[in-house]
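**Student:** This is the structure, below, for whatever I ask next.
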Amino acid sequence: MRKFEFIGSAIPGCFEIKSFFADDARGRFVKEYNQAEFVKHGIQDNLKEVFYSTNKKGVLRGPMPLS
């Protein structure tokens with residue numbers, strides 16, 4: 001698992017941003033954008049989150065059933 005990483009540059013306010021991701025036996029979950037993380041680095045936007053997952057063959061993801 002890797003958390004968001006903001007790497008500064010010679011240009012003020014310009015960052016290289018490495019996304020959050022987590023790998024496991026089912027596949028990979030990637031979060032490209034999270035408003036709270038970006039605000040910490042002075043980046044303001046109305047967008048809340050952007051994420052996706054890639055799954056291995058036979059994996060079904062979804063909400064857990066209620067008991």
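To be explicit about the labels: the chains of the structure tokens are called A, B, and onward in the order shown, and within each one the residues are counted from 1, while ligands get numbers from 1 in the order they are shown.
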Neighbouring residues of A:Phe6 were defined as those with any atom within 6 Å, considering only C-alpha atoms; residues of the same chain fewer than 5 positions away were excluded. Please report them as a VMD selection string.
**Tutor:** chain A and resid 15 to 17
**Student:** Please write the residues from the selection above to a file, keeping C-alpha atoms, as a PDB file, in the first residue's frame.
**Tutor:**
ATOM      1  CA  PHE A  15       3.965  19.014  -7.420  1.00  0.00           C
ATOM      2  CA  GLU A  16       4.553  15.536  -8.722  1.00  0.00           C
ATOM      3  CA  ILE A  17       1.714  13.604  -7.105  1.00  0.00           C
TER       4      ILE A  17
END
**Student:** Return as an mmCIF file with N, CA and C atoms, in the first residue's frame the full set of residues in stretch 13-46 of chain A whose backbone-based DSSP assignment is strand (DSSP E or B).
**Tutor:**
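Ended up saving to part.cif:
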data_model
loop_
_atom_site.group_PDB
_atom_site.id
_atom_site.type_symbol
_atom_site.label_atom_id
_atom_site.label_comp_id
_atom_site.auth_asym_id
_atom_site.auth_seq_id
_atom_site.Cartn_x
_atom_site.Cartn_y
_atom_site.Cartn_z
ATOM 1 N N PHE A 15 3.596 20.255 -8.081
ATOM 2 C CA PHE A 15 3.965 19.014 -7.420
ATOM 3 C C PHE A 15 3.921 17.842 -8.391
ATOM 4 N N GLU A 16 4.755 16.862 -8.155
ATOM 5 C CA GLU A 16 4.553 15.536 -8.722
ATOM 6 C C GLU A 16 3.735 14.796 -7.665
ATOM 7 N N ILE A 17 2.601 14.258 -8.060
ATOM 8 C CA ILE A 17 1.714 13.604 -7.105
ATOM 9 C C ILE A 17 1.625 12.123 -7.434
ATOM 10 N N LYS A 18 2.027 11.305 -6.469
ATOM 11 C CA LYS A 18 1.921 9.854 -6.617
ATOM 12 C C LYS A 18 0.665 9.412 -5.867
ATOM 13 N N PHE A 20 -2.504 7.217 -4.170
ATOM 14 C CA PHE A 20 -2.701 6.150 -3.187
ATOM 15 C C PHE A 20 -3.058 4.881 -3.946
ATOM 16 N N PHE A 21 -2.495 3.744 -3.535
ATOM 17 C CA PHE A 21 -2.959 2.468 -4.078
ATOM 18 C C PHE A 21 -2.738 1.365 -3.059
ATOM 19 N N ALA A 22 -3.522 0.316 -3.216
ATOM 20 C CA ALA A 22 -3.402 -0.861 -2.364
ATOM 21 C C ALA A 22 -3.593 -2.096 -3.237
ATOM 22 N N ASP A 23 -2.704 -3.053 -3.108
ATOM 23 C CA ASP A 23 -2.776 -4.324 -3.830
ATOM 24 C C ASP A 23 -3.110 -5.440 -2.862
ATOM 25 N N ASP A 24 -3.898 -6.400 -3.318
ATOM 26 C CA ASP A 24 -4.115 -7.615 -2.544
ATOM 27 C C ASP A 24 -4.436 -8.745 -3.519
ATOM 28 N N GLY A 27 -6.861 -7.844 -6.476
ATOM 29 C CA GLY A 27 -6.503 -6.880 -7.515
ATOM 30 C C GLY A 27 -5.905 -5.639 -6.907
ATOM 31 N N ARG A 28 -6.257 -4.493 -7.465
ATOM 32 C CA ARG A 28 -5.679 -3.224 -7.023
ATOM 33 C C ARG A 28 -6.762 -2.172 -6.884
ATOM 34 N N PHE A 29 -6.645 -1.353 -5.844
ATOM 35 C CA PHE A 29 -7.511 -0.202 -5.622
ATOM 36 C C PHE A 29 -6.637 1.036 -5.731
ATOM 37 N N VAL A 30 -7.052 1.991 -6.562
ATOM 38 C CA VAL A 30 -6.282 3.218 -6.776
ATOM 39 C C VAL A 30 -7.164 4.418 -6.487
ATOM 40 N N LYS A 31 -6.640 5.344 -5.711
ATOM 41 C CA LYS A 31 -7.337 6.603 -5.451
ATOM 42 C C LYS A 31 -6.484 7.700 -6.070
ATOM 43 N N GLU A 32 -7.004 8.317 -7.139
ATOM 44 C CA GLU A 32 -6.266 9.353 -7.863
ATOM 45 C C GLU A 32 -6.396 10.723 -7.204
ATOM 46 N N TYR A 33 -7.514 10.940 -6.511
ATOM 47 C CA TYR A 33 -7.755 12.260 -5.931
ATOM 48 C C TYR A 33 -8.567 12.104 -4.664
ATOM 49 N N ASN A 34 -8.187 12.842 -3.631
ATOM 50 C CA ASN A 34 -8.942 12.924 -2.391
ATOM 51 C C ASN A 34 -8.837 14.367 -1.916
#
**Student:** Please run DSSP on the backbone and report, as an MDAnalysis selection string, all residues within chain A that come out as alpha helix (DSSP H).
**Tutor:** chainID A and resid 35:40
**Student:** Compare A:Ile11, A:Met64, A:Leu47, A:Val59 by their minimum atom-to-atom distance to A:Ala25, counting only C-alpha atoms, and give me the closest one.
**Tutor:** A:Val59
**Student:** Would you mind reading off the distance between atom CA of A:Lys48 and atom CA of A:Leu60, one decimal, in Å?
**Tutor:** 25.2 Å
**Student:** What does the structure give for the distance between atom CA of A:Ser19 and atom CA of A:Gly62, in Å to one decimal?
**Tutor:** 22.5 Å
